[in-house]
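Read the structure below first, then the notes.
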Amino acid sequence: MTTIGSLQRLSATSLSKLILAEQASAATAAAGTAGGSPTLAIIDVRDDDYIGGHIKGSQNVPSRKLDAMLPTLVRQLQDKETVVFHCALSQQRGPSAALRYIRERERLMPKEVETKLTSAADSAAVEEVVGADGEGKEKEEEGEKKKPVNQKVFVLDRGFVGWQEAFGLDERLTEGYSKELWRDGYWM
């Protein structure tokens, strides 16, 4: 059984590699060559502290609304290979949300899928998802019915606070960043 302690962490650097690989795959698909739909989902569970920026492409599902949103979230993310949860520091809300998501997914799709908690270091996890060459894995052909896939679920190490320290000013990776709000560190 999955516990908070068994949840795997993903560093900001490893997540940035995943995001950039997804962006490259999307650009390739837009150019008409091989590529496909995103295989990565980032769920930001910050509440009133969802200010000062966010990870590009992330979805904000405030922790106070998570329980009501879980069945919908499980369906929306059923075709994602990797799901990363985070809050401001990823000490309480992010890990709790990841655990609740895993349990809801197992409840709704008990025999169809496996939700994996990898034991490898996150650099190995990134290599598995992105591929050793940095290119995304083959995607489903368009027109095929989306079905649930096995997933890897992570918690972003150090949350958005750690993310913004490393990538806050990188517009490829962060949207709506306000340097002034983060000048003195995390304030909540």
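Numbering starts fresh at 1 for the residues of each chain in the structure tokens, the chains themselves are lettered A, B, ... in the order given, and ligands are numbered from 1 as they appear.
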Skip segment 69-73 of chain A itself and residues of its chain fewer than 4 positions away, then list as a ChimeraX atom specification all residues within 8 Å of it, counting only C-alpha atoms. /A:61,65,77,101,104-105,108
I need the residues from that last selection saved to file as an mmCIF file, in the first residue's frame (with all heavy atoms), if you can.
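Written output follows (result-v5.cif):
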```cif
data_model
loop_
_atom_site.group_PDB
_atom_site.id
_atom_site.type_symbol
_atom_site.label_atom_id
_atom_site.label_comp_id
_atom_site.auth_asym_id
_atom_site.auth_seq_id
_atom_site.Cartn_x
_atom_site.Cartn_y
_atom_site.Cartn_z
ATOM 1 N N VAL A 61 -5.287 22.885 -9.240
ATOM 2 C CA VAL A 61 -6.423 22.245 -8.580
ATOM 3 C C VAL A 61 -6.224 22.529 -7.095
ATOM 4 O O VAL A 61 -5.480 21.807 -6.421
ATOM 5 C CB VAL A 61 -6.465 20.722 -8.852
ATOM 6 C CG1 VAL A 61 -7.653 20.096 -8.150
ATOM 7 C CG2 VAL A 61 -6.500 20.436 -10.348
ATOM 8 N N LYS A 65 -10.278 21.989 -2.939
ATOM 9 C CA LYS A 65 -11.271 21.457 -3.883
ATOM 10 C C LYS A 65 -10.894 20.078 -4.409
ATOM 11 O O LYS A 65 -11.636 19.499 -5.195
ATOM 12 C CB LYS A 65 -11.430 22.411 -5.065
ATOM 13 C CG LYS A 65 -11.970 23.773 -4.697
ATOM 14 C CD LYS A 65 -12.100 24.653 -5.915
ATOM 15 C CE LYS A 65 -12.637 26.031 -5.530
ATOM 16 N NZ LYS A 65 -12.772 26.893 -6.697
ATOM 17 N N LEU A 77 -6.568 12.567 -16.548
ATOM 18 C CA LEU A 77 -5.153 12.193 -16.596
ATOM 19 C C LEU A 77 -4.915 10.727 -16.931
ATOM 20 O O LEU A 77 -3.778 10.268 -16.892
ATOM 21 C CB LEU A 77 -4.494 12.519 -15.249
ATOM 22 C CG LEU A 77 -4.595 13.961 -14.775
ATOM 23 C CD1 LEU A 77 -3.908 14.128 -13.425
ATOM 24 C CD2 LEU A 77 -4.040 14.926 -15.791
ATOM 25 N N TYR A 101 -4.710 11.031 -4.937
ATOM 26 C CA TYR A 101 -4.890 10.748 -6.366
ATOM 27 C C TYR A 101 -4.615 9.271 -6.651
ATOM 28 O O TYR A 101 -5.396 8.605 -7.348
ATOM 29 C CB TYR A 101 -3.969 11.640 -7.196
ATOM 30 C CG TYR A 101 -3.942 11.264 -8.663
ATOM 31 C CD1 TYR A 101 -4.952 11.681 -9.523
ATOM 32 C CD2 TYR A 101 -2.926 10.475 -9.172
ATOM 33 C CE1 TYR A 101 -4.941 11.315 -10.862
ATOM 34 C CE2 TYR A 101 -2.911 10.110 -10.513
ATOM 35 C CZ TYR A 101 -3.916 10.536 -11.340
ATOM 36 O OH TYR A 101 -3.902 10.165 -12.671
ATOM 37 N N GLU A 104 -7.438 7.128 -5.295
ATOM 38 C CA GLU A 104 -8.678 7.286 -6.085
ATOM 39 C C GLU A 104 -8.534 6.583 -7.434
ATOM 40 O O GLU A 104 -9.460 5.937 -7.912
ATOM 41 C CB GLU A 104 -8.995 8.772 -6.281
ATOM 42 C CG GLU A 104 -10.265 9.026 -7.051
ATOM 43 C CD GLU A 104 -11.544 8.700 -6.288
ATOM 44 O OE1 GLU A 104 -11.478 8.357 -5.088
ATOM 45 O OE2 GLU A 104 -12.629 8.788 -6.901
ATOM 46 N N ARG A 105 -7.376 6.686 -8.048
ATOM 47 C CA ARG A 105 -7.135 6.033 -9.334
ATOM 48 C C ARG A 105 -7.219 4.522 -9.192
ATOM 49 O O ARG A 105 -7.815 3.841 -10.029
ATOM 50 C CB ARG A 105 -5.768 6.445 -9.873
ATOM 51 C CG ARG A 105 -5.515 6.002 -11.301
ATOM 52 C CD ARG A 105 -4.288 6.705 -11.844
ATOM 53 N NE ARG A 105 -4.253 6.618 -13.277
ATOM 54 C CZ ARG A 105 -3.640 5.652 -13.949
ATOM 55 N NH1 ARG A 105 -3.008 4.696 -13.310
ATOM 56 N NH2 ARG A 105 -3.669 5.634 -15.267
ATOM 57 N N LEU A 108 -10.932 3.614 -8.797
ATOM 58 C CA LEU A 108 -11.742 3.730 -10.008
ATOM 59 C C LEU A 108 -11.307 2.781 -11.119
ATOM 60 O O LEU A 108 -12.119 2.402 -11.954
ATOM 61 C CB LEU A 108 -11.704 5.172 -10.539
ATOM 62 C CG LEU A 108 -12.390 6.213 -9.665
ATOM 63 C CD1 LEU A 108 -12.176 7.610 -10.237
ATOM 64 C CD2 LEU A 108 -13.877 5.911 -9.528
#
```
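For the set A:Lys179, A:Arg9, A:His54, A:Lys147, the residue with the smallest atom-to-atom gap to Phe160 of chain A is A:His54, counting only C-alpha atoms.
The residue set within 12 Å of Glu175 of chain A, counting only C-alpha atoms and dropping same-chain residues fewer than 6 places from it, reads Tyr50, Ile51, Gly52, Gly53, His54, Ile55, Lys56, Gly57, Ser58, Gln59, Trp163, Gln164, Phe167, Gly168 and Leu169 of chain A.
Picture a line from atom CA of Ile19 of chain A to atom CA of Leu89 of chain A; it runs 19.8 Å.
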